[in-house]
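Structure file protein04.cif; described as mmCIF, C-alpha atoms.
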data_final
#
loop_
_atom_site.label_atom_id
_atom_site.label_comp_id
_atom_site.auth_asym_id
_atom_site.auth_seq_id
_atom_site.Cartn_x
_atom_site.Cartn_y
_atom_site.Cartn_z
CA MET R 1 166.06 -11.19 -65.93
CA PRO R 2 163.08 -10.24 -68.13
CA GLU R 3 163.75 -7.80 -70.95
CA LEU R 4 162.19 -4.36 -70.87
CA SER R 5 158.90 -4.27 -72.80
CA CYS R 6 157.18 -1.13 -71.49
CA VAL R 7 158.07 2.26 -70.00
CA ILE R 8 155.28 4.21 -68.30
CA PHE R 9 155.90 7.95 -67.98
CA ASP R 10 154.28 10.54 -65.80
CA TRP R 11 153.37 13.80 -67.55
CA ALA R 12 153.86 17.17 -65.79
CA GLY R 13 157.43 17.43 -64.49
CA THR R 14 158.48 14.26 -66.33
CA THR R 15 157.74 14.64 -70.05
CA VAL R 16 156.14 18.12 -70.12
CA ASP R 17 156.14 21.27 -67.96
CA PHE R 18 159.72 21.57 -66.66
CA GLY R 19 159.51 21.91 -62.87
CA SER R 20 155.80 20.99 -62.84
CA MET R 21 154.97 24.67 -62.49
CA SER R 22 151.35 24.72 -63.70
CA PRO R 23 149.78 22.85 -60.75
CA VAL R 24 151.87 24.83 -58.27
CA ALA R 25 150.51 28.11 -59.57
CA ALA R 26 146.94 26.78 -59.68
CA PHE R 27 147.02 25.35 -56.15
CA ARG R 28 148.49 28.57 -54.78
CA GLU R 29 145.72 30.62 -56.41
CA ALA R 30 142.94 28.24 -55.29
CA PHE R 31 143.99 28.31 -51.65
CA LEU R 32 144.52 32.07 -51.80
CA GLN R 33 140.94 32.51 -52.98
CA HIS R 34 139.98 30.87 -49.67
CA GLU R 35 142.31 33.21 -47.74
CA LEU R 36 144.86 30.46 -47.13
CA VAL R 37 148.46 31.31 -47.98
CA VAL R 38 150.40 28.12 -48.73
CA THR R 39 154.06 27.57 -49.56
CA ASP R 40 155.54 25.90 -52.62
CA GLU R 41 156.96 23.21 -50.33
CA GLU R 42 153.49 22.45 -48.96
CA ILE R 43 152.04 22.37 -52.47
CA ARG R 44 154.72 20.04 -53.79
CA ALA R 45 154.66 17.52 -50.94
CA PRO R 46 151.62 15.55 -52.28
CA MET R 47 152.40 16.30 -55.95
CA GLY R 48 151.34 13.58 -58.36
CA MET R 49 148.18 12.61 -56.51
CA LEU R 50 144.67 13.00 -57.89
CA LYS R 51 144.10 16.73 -57.47
CA ARG R 52 141.16 16.48 -55.09
CA ASP R 53 143.17 14.08 -52.91
CA HIS R 54 146.06 16.53 -53.14
CA ILE R 55 143.89 19.30 -51.68
CA LYS R 56 142.60 17.00 -48.94
CA THR R 57 146.16 16.09 -48.01
CA MET R 58 147.23 19.73 -47.86
CA LEU R 59 144.29 20.65 -45.61
CA GLY R 60 145.52 17.93 -43.26
CA PHE R 61 148.96 19.49 -42.89
CA PRO R 62 149.19 20.88 -39.32
CA ARG R 63 150.05 24.46 -40.31
CA ILE R 64 147.37 24.73 -43.01
CA ARG R 65 144.80 22.96 -40.84
CA GLU R 66 145.48 25.38 -37.97
CA LEU R 67 145.26 28.34 -40.32
CA PHE R 68 141.93 27.07 -41.66
CA CYS R 69 140.54 26.50 -38.15
CA GLN R 70 141.60 29.98 -37.02
CA LYS R 71 139.84 31.53 -39.98
CA ASN R 72 136.68 29.41 -39.95
CA GLY R 73 136.33 28.29 -36.33
CA ARG R 74 136.01 24.64 -37.35
CA GLU R 75 137.80 21.72 -39.01
CA PRO R 76 137.91 21.51 -42.82
CA ASN R 77 135.41 19.12 -44.37
CA ASP R 78 134.54 17.60 -47.74
CA ALA R 79 132.64 20.70 -48.80
CA ASP R 80 135.76 22.77 -48.26
CA ILE R 81 137.82 20.35 -50.34
CA ASP R 82 135.23 20.63 -53.12
CA SER R 83 135.21 24.42 -52.90
CA ILE R 84 138.99 24.71 -53.20
CA TYR R 85 138.98 22.19 -56.05
CA GLN R 86 136.34 24.24 -57.87
CA ALA R 87 138.73 27.19 -57.70
CA PHE R 88 141.73 25.05 -58.66
CA GLU R 89 140.39 23.51 -61.85
CA PRO R 90 139.67 26.72 -63.84
CA SER R 91 142.94 28.21 -62.62
CA LEU R 92 144.85 25.18 -63.90
CA MET R 93 142.98 25.12 -67.21
CA GLN R 94 144.09 28.71 -67.80
CA VAL R 95 147.80 27.97 -67.39
CA LEU R 96 147.97 24.48 -68.96
CA PRO R 97 148.38 25.54 -72.62
CA ALA R 98 151.40 27.68 -71.73
CA CYS R 99 152.90 25.00 -69.48
CA SER R 100 152.78 21.92 -71.70
CA SER R 101 156.07 22.25 -73.56
CA LEU R 102 158.06 19.03 -73.84
CA LYS R 103 161.00 18.71 -71.51
CA PRO R 104 164.49 18.26 -72.96
CA TYR R 105 165.33 14.79 -74.33
CA VAL R 106 161.71 13.60 -74.62
CA PRO R 107 161.88 13.17 -78.43
CA GLU R 108 165.19 11.31 -78.08
CA ALA R 109 163.74 9.04 -75.39
CA VAL R 110 160.71 8.24 -77.52
CA ASP R 111 162.86 7.51 -80.58
CA TYR R 112 165.08 5.22 -78.53
CA LEU R 113 162.18 3.25 -77.06
CA ARG R 114 160.41 2.94 -80.42
CA SER R 115 163.61 1.68 -82.04
CA LYS R 116 163.79 -1.08 -79.42
CA GLY R 117 160.13 -2.06 -79.81
CA ILE R 118 159.41 -0.92 -76.24
CA LYS R 119 155.86 0.30 -75.62
CA ILE R 120 155.20 3.71 -74.06
CA GLY R 121 152.47 4.12 -71.47
CA SER R 122 151.55 7.04 -69.22
CA THR R 123 149.73 7.94 -66.01
CA THR R 124 148.88 11.28 -64.45
CA GLY R 125 147.34 13.06 -61.50
CA TYR R 126 145.31 15.21 -63.89
CA THR R 127 141.70 14.47 -64.82
CA GLY R 128 140.63 13.52 -68.32
CA LYS R 129 139.41 17.07 -68.98
CA MET R 130 142.78 18.52 -68.00
CA MET R 131 144.65 15.97 -70.06
CA GLU R 132 142.69 16.89 -73.19
CA VAL R 133 144.62 20.17 -73.18
CA VAL R 134 147.99 18.58 -72.34
CA VAL R 135 147.63 15.77 -74.89
CA ARG R 136 146.67 18.20 -77.63
CA CYS R 137 149.73 20.34 -76.91
CA ALA R 138 151.98 17.26 -76.71
CA LYS R 139 150.74 15.90 -80.04
CA GLU R 140 151.56 19.23 -81.66
CA GLN R 141 155.13 18.58 -80.49
CA ASP R 142 155.06 14.99 -81.79
CA TYR R 143 154.76 13.32 -78.38
CA ASN R 144 152.02 10.72 -78.39
CA PRO R 145 152.49 7.72 -76.05
CA ASP R 146 150.83 4.41 -76.86
CA CYS R 147 148.57 4.64 -73.82
CA LEU R 148 147.27 7.22 -71.35
CA VAL R 149 145.27 6.34 -68.24
CA VAL R 150 143.78 9.05 -66.00
CA PRO R 151 142.34 8.60 -62.50
CA ASP R 152 138.78 9.00 -63.86
CA GLU R 153 139.20 5.69 -65.67
CA VAL R 154 140.05 3.69 -62.54
CA GLY R 155 137.31 4.86 -60.20
CA ASN R 156 139.30 7.96 -59.19
CA GLN R 157 141.74 5.68 -57.39
CA GLY R 158 144.82 7.49 -58.63
CA ARG R 159 148.24 7.54 -57.03
CA PRO R 160 149.43 6.04 -54.79
CA PHE R 161 147.07 3.24 -55.92
CA PRO R 162 148.56 1.07 -58.69
CA TYR R 163 145.49 0.81 -60.90
CA MET R 164 146.50 3.29 -63.60
CA ILE R 165 149.66 1.27 -64.16
CA PHE R 166 147.70 -1.97 -64.26
CA GLU R 167 145.30 -0.50 -66.81
CA ASN R 168 148.25 0.53 -68.98
CA LEU R 169 149.54 -3.02 -68.86
CA ARG R 170 146.13 -4.44 -69.76
CA ARG R 171 145.66 -2.13 -72.74
CA LEU R 172 149.22 -2.68 -73.97
CA SER R 173 149.09 -6.47 -73.47
CA ILE R 174 152.10 -6.56 -71.15
CA LYS R 175 152.45 -10.00 -69.57
CA SER R 176 154.38 -9.19 -66.39
CA VAL R 177 155.11 -6.25 -64.10
CA ARG R 178 158.72 -7.47 -64.18
CA GLU R 179 158.98 -6.14 -67.76
CA VAL R 180 157.99 -2.59 -66.82
CA ILE R 181 159.63 0.67 -65.74
CA LYS R 182 157.66 3.59 -64.31
CA ILE R 183 159.37 7.00 -64.56
CA GLY R 184 158.15 10.02 -62.62
CA ASP R 185 159.22 13.23 -60.93
CA THR R 186 157.29 12.97 -57.66
CA LEU R 187 157.26 10.76 -54.60
CA SER R 188 153.69 9.78 -55.49
CA ASP R 189 155.04 8.35 -58.75
CA LEU R 190 157.40 6.14 -56.76
CA GLU R 191 154.60 4.97 -54.47
CA GLU R 192 152.44 4.15 -57.49
CA ALA R 193 155.27 2.14 -59.04
CA LYS R 194 156.17 0.27 -55.86
CA ASN R 195 152.52 -0.59 -55.18
CA ALA R 196 152.23 -1.97 -58.72
CA GLY R 197 155.41 -4.02 -58.36
CA VAL R 198 157.20 -2.32 -61.26
CA PHE R 199 160.71 -0.82 -61.42
CA ALA R 200 160.47 2.68 -59.90
CA VAL R 201 162.60 5.43 -61.44
CA GLY R 202 162.89 9.09 -60.49
CA VAL R 203 163.93 11.72 -63.02
CA VAL R 204 165.81 14.65 -61.50
CA GLU R 205 166.09 17.59 -63.89
CA GLY R 206 162.83 19.50 -64.15
CA SER R 207 161.23 17.42 -61.41
CA SER R 208 158.75 18.59 -58.82
CA VAL R 209 161.16 17.22 -56.22
CA MET R 210 163.80 19.68 -57.45
CA GLY R 211 161.19 22.44 -57.86
CA LEU R 212 163.06 24.76 -60.24
CA THR R 213 161.91 26.32 -63.48
CA GLU R 214 164.01 25.66 -66.57
CA ASP R 215 165.43 29.19 -66.43
CA GLU R 216 166.28 28.81 -62.73
CA PHE R 217 167.95 25.47 -63.36
CA ASN R 218 169.97 26.76 -66.32
CA ALA R 219 171.09 29.79 -64.29
CA LEU R 220 172.77 27.61 -61.65
CA SER R 221 176.52 27.32 -61.61
CA VAL R 222 178.03 23.89 -62.27
CA VAL R 223 178.56 23.39 -58.54
CA GLU R 224 175.04 24.57 -57.64
CA ARG R 225 173.50 22.37 -60.31
CA GLU R 226 175.37 19.30 -59.08
CA GLU R 227 174.30 20.02 -55.50
CA ALA R 228 170.64 20.43 -56.52
CA CYS R 229 170.72 17.20 -58.54
CA ARG R 230 172.35 15.20 -55.76
CA LYS R 231 169.80 16.48 -53.25
CA ALA R 232 166.92 15.40 -55.50
CA GLU R 233 168.57 12.03 -56.19
CA LEU R 234 168.93 11.39 -52.47
CA THR R 235 165.27 12.25 -51.89
CA PHE R 236 164.16 9.80 -54.57
CA TYR R 237 166.34 7.00 -53.20
CA GLN R 238 165.21 7.69 -49.63
CA HIS R 239 161.62 7.16 -50.79
CA GLY R 240 162.17 3.85 -52.53
CA ALA R 241 163.42 4.56 -56.04
CA ASP R 242 165.05 1.55 -57.67
CA PHE R 243 167.11 3.88 -59.86
CA VAL R 244 167.41 7.61 -60.55
CA ILE R 245 168.29 9.31 -63.84
CA ARG R 246 169.29 12.92 -64.36
CA ASN R 247 167.16 13.33 -67.49
CA LEU R 248 165.38 11.34 -70.20
CA GLY R 249 168.52 11.35 -72.33
CA GLN R 250 169.71 8.41 -70.24
CA MET R 251 167.25 5.80 -71.51
CA ASP R 252 170.04 3.54 -72.79
CA LEU R 253 171.72 3.56 -69.37
CA LEU R 254 168.38 2.91 -67.66
CA GLN R 255 167.64 -0.07 -69.91
CA GLN R 256 171.08 -1.55 -69.19
CA VAL R 257 170.61 -1.16 -65.43
CA PHE R 258 167.10 -2.63 -65.61
CA GLU R 259 168.05 -5.68 -67.67
CA HIS R 260 171.21 -6.47 -65.66
CA ARG R 261 169.78 -5.96 -62.18
CA VAL R 262 170.07 -8.81 -59.70
#

Structure encoded using structure tokens:
Amino acid sequence: MPELSCVIFDWAGTTVDFGSMSPVAAFREAFLQHELVVTDEEIRAPMGMLKRDHIKTMLGFPRIRELFCQKNGREPNDADIDSIYQAFEPSLMQVLPACSSLKPYVPEAVDYLRSKGIKIGSTTGYTGKMMEVVVRCAKEQDYNPDCLVVPDEVGNQGRPFPYMIFENLRRLSIKSVREVIKIGDTLSDLEEAKNAGVFAVGVVEGSSVMGLTEDEFNALSVVEREEACRKAELTFYQHGADFVIRNLGQMDLLQQVFEHRV
């Protein structure tokens, strides 16, 4: 089997922002400004997509669509998507600086990959403008991947399209998708990876799939924590993950599994 030459990380919920809390808060506020009360579960279902596509998907959910129609007497349209997005973006920009702390084990994961000569790429559902804030905060914490591609740079064809991954591979001069792992915390990350033909990995702790803040996760009993982790693992595997890790402290295990797979 080919040796591992590149790992592509997601950002919020994977390397920063434990629980991917910043977009949840911003989506909730944006919909509320349009008199639409949405649940965390509804917000998290399309998590990882380009944010405008995320809003469009949510407006298509039967409960939210019915709520919108009752309020407005018509179906939602592109102008409504734009209006909610215009409320979402400033709300997100407000919370991003406070929600860009590195997740546990990120420095260790980076050190491990660098020591092995493995390149570090990244993709995101955030726009370039949003990522300016996140990247600045990450650099202050000594996290600086070799490559970042945002949806803006691939014609706004973000997840589940594979083009951000392909652009990472082009910039990093990676010869084959068979040498690549994509790690993310959402089901959209898995779709992106599978569509690109790379090894798809879900990370459990601090993921959007788990949906807990760091304080909430740490407050769980040992039994509760194990149950929450197993539930998230099962969700990832049910949606096509090739492998699932508990946290980024397991990079050595992941490399072994990747390079000895059949």

Return as AutoDock Vina command-line options the box centre and box size in Å, one decimal, for an axis-aligned box around all listed atoms of stretch 117-123 of chain R padded by 8 Å per side.
--center_x 154.9 --center_y 2.9 --center_z -72.9 --size_x 26.4 --size_y 26.0 --size_z 29.8

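Of note, atom CA of R:Ala228 and atom CA of R:Phe27 are spaced 24.1 Å apart.
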
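Note that atom CA of R:Pro62 and atom CA of R:Asp10 are 28.9 Å apart.
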
**OP:** Apply the PyMOL selection byres ((chain R and resi 134-148) around 7) to the displayed file and report the matching residues as number ranges by chain.
**Re:** R: 96-97, 100, 102, 119-123, 130-133, 149-150, 168

Subject >> the PyMOL selection byres ((chain R and resi 216) around 12) resolved against shown file, as a PyMOL selection string >> reply: chain R and resi 18-19+205-206+210-215+217-221+224-225+228

List every residue of stretch 174-216 of chain R that has an atom at most 10 Å from any atom of stretch 244-255 of chain R, and for each one report the closest atom pair and its distance in Å to one decimal, counting only C-alpha atoms, with rows sorted by chain and then by increasing residue number, as a Markdown table.
| residue | atom | partner | partner_atom | distance |
| --- | --- | --- | --- | --- |
| R:Ile181 | CA | R:Gln255 | CA | 9.1 |
| R:Ile183 | CA | R:Val244 | CA | 9.0 |
| R:Gly184 | CA | R:Val244 | CA | 9.8 |
| R:Asp185 | CA | R:Val244 | CA | 9.9 |
| R:Ala200 | CA | R:Val244 | CA | 8.5 |
| R:Val201 | CA | R:Val244 | CA | 5.4 |
| R:Gly202 | CA | R:Val244 | CA | 4.8 |
| R:Val203 | CA | R:Ile245 | CA | 5.0 |
| R:Val204 | CA | R:Arg246 | CA | 4.8 |
| R:Glu205 | CA | R:Asn247 | CA | 5.7 |
| R:Gly206 | CA | R:Asn247 | CA | 8.2 |
| R:Ser207 | CA | R:Asn247 | CA | 9.4 |

Original post:
stretch 66-83 of chain R: which residues within 8 Å, counting only C-alpha atoms, same-chain residues fewer than 6 positions away excluded, as a PyMOL selection string?
Top reply: chain R and resi 36+52+55-56+59

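Our summary of the geometry notes that atom CA of R:Thr57 is positioned 18.6 Å from atom CA of R:Pro162.
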
**OP:** Using only C-alpha atoms, find the one residue out of R:Val222, R:Leu234, R:Val177, R:Val7 that sits nearest to R:Ala109.
**Re:** R:Val7

**OP:** Point out the residue among R:Ser5, R:Ile64, R:Thr15, R:Phe31 with the least atom-to-atom distance to R:Arg114, counting all atoms listed in the file.
**Re:** R:Ser5

Could you list the residues chosen by the PyMOL selection byres ((chain R and resi 22-26) around 12) in this structure as a compact mmCIF listing (two decimals) with C-alpha atoms, in the coordinates of the input?
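Result file follows (out22.txt):
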# COMPACT_ATOMS: atom_id res chain seq x y z
CA TRP R 11 153.37 13.80 -67.55
CA ALA R 12 153.86 17.17 -65.79
CA GLY R 13 157.43 17.43 -64.49
CA VAL R 16 156.14 18.12 -70.12
CA ASP R 17 156.14 21.27 -67.96
CA PHE R 18 159.72 21.57 -66.66
CA GLY R 19 159.51 21.91 -62.87
CA SER R 20 155.80 20.99 -62.84
CA MET R 21 154.97 24.67 -62.49
CA PHE R 27 147.02 25.35 -56.15
CA ARG R 28 148.49 28.57 -54.78
CA GLU R 29 145.72 30.62 -56.41
CA ALA R 30 142.94 28.24 -55.29
CA PHE R 31 143.99 28.31 -51.65
CA LEU R 32 144.52 32.07 -51.80
CA GLN R 33 140.94 32.51 -52.98
CA VAL R 38 150.40 28.12 -48.73
CA THR R 39 154.06 27.57 -49.56
CA ASP R 40 155.54 25.90 -52.62
CA GLU R 41 156.96 23.21 -50.33
CA GLU R 42 153.49 22.45 -48.96
CA ILE R 43 152.04 22.37 -52.47
CA ARG R 44 154.72 20.04 -53.79
CA ALA R 45 154.66 17.52 -50.94
CA PRO R 46 151.62 15.55 -52.28
CA MET R 47 152.40 16.30 -55.95
CA GLY R 48 151.34 13.58 -58.36
CA MET R 49 148.18 12.61 -56.51
CA LEU R 50 144.67 13.00 -57.89
CA LYS R 51 144.10 16.73 -57.47
CA HIS R 54 146.06 16.53 -53.14
CA ILE R 55 143.89 19.30 -51.68
CA ILE R 84 138.99 24.71 -53.20
CA TYR R 85 138.98 22.19 -56.05
CA GLN R 86 136.34 24.24 -57.87
CA ALA R 87 138.73 27.19 -57.70
CA PHE R 88 141.73 25.05 -58.66
CA GLU R 89 140.39 23.51 -61.85
CA PRO R 90 139.67 26.72 -63.84
CA SER R 91 142.94 28.21 -62.62
CA LEU R 92 144.85 25.18 -63.90
CA MET R 93 142.98 25.12 -67.21
CA GLN R 94 144.09 28.71 -67.80
CA VAL R 95 147.80 27.97 -67.39
CA LEU R 96 147.97 24.48 -68.96
CA PRO R 97 148.38 25.54 -72.62
CA ALA R 98 151.40 27.68 -71.73
CA CYS R 99 152.90 25.00 -69.48
CA SER R 100 152.78 21.92 -71.70
CA SER R 101 156.07 22.25 -73.56
CA GLY R 125 147.34 13.06 -61.50
CA TYR R 126 145.31 15.21 -63.89
CA MET R 130 142.78 18.52 -68.00
CA VAL R 134 147.99 18.58 -72.34
CA SER R 208 158.75 18.59 -58.82
CA GLY R 211 161.19 22.44 -57.86
CA LEU R 212 163.06 24.76 -60.24
CA THR R 213 161.91 26.32 -63.48
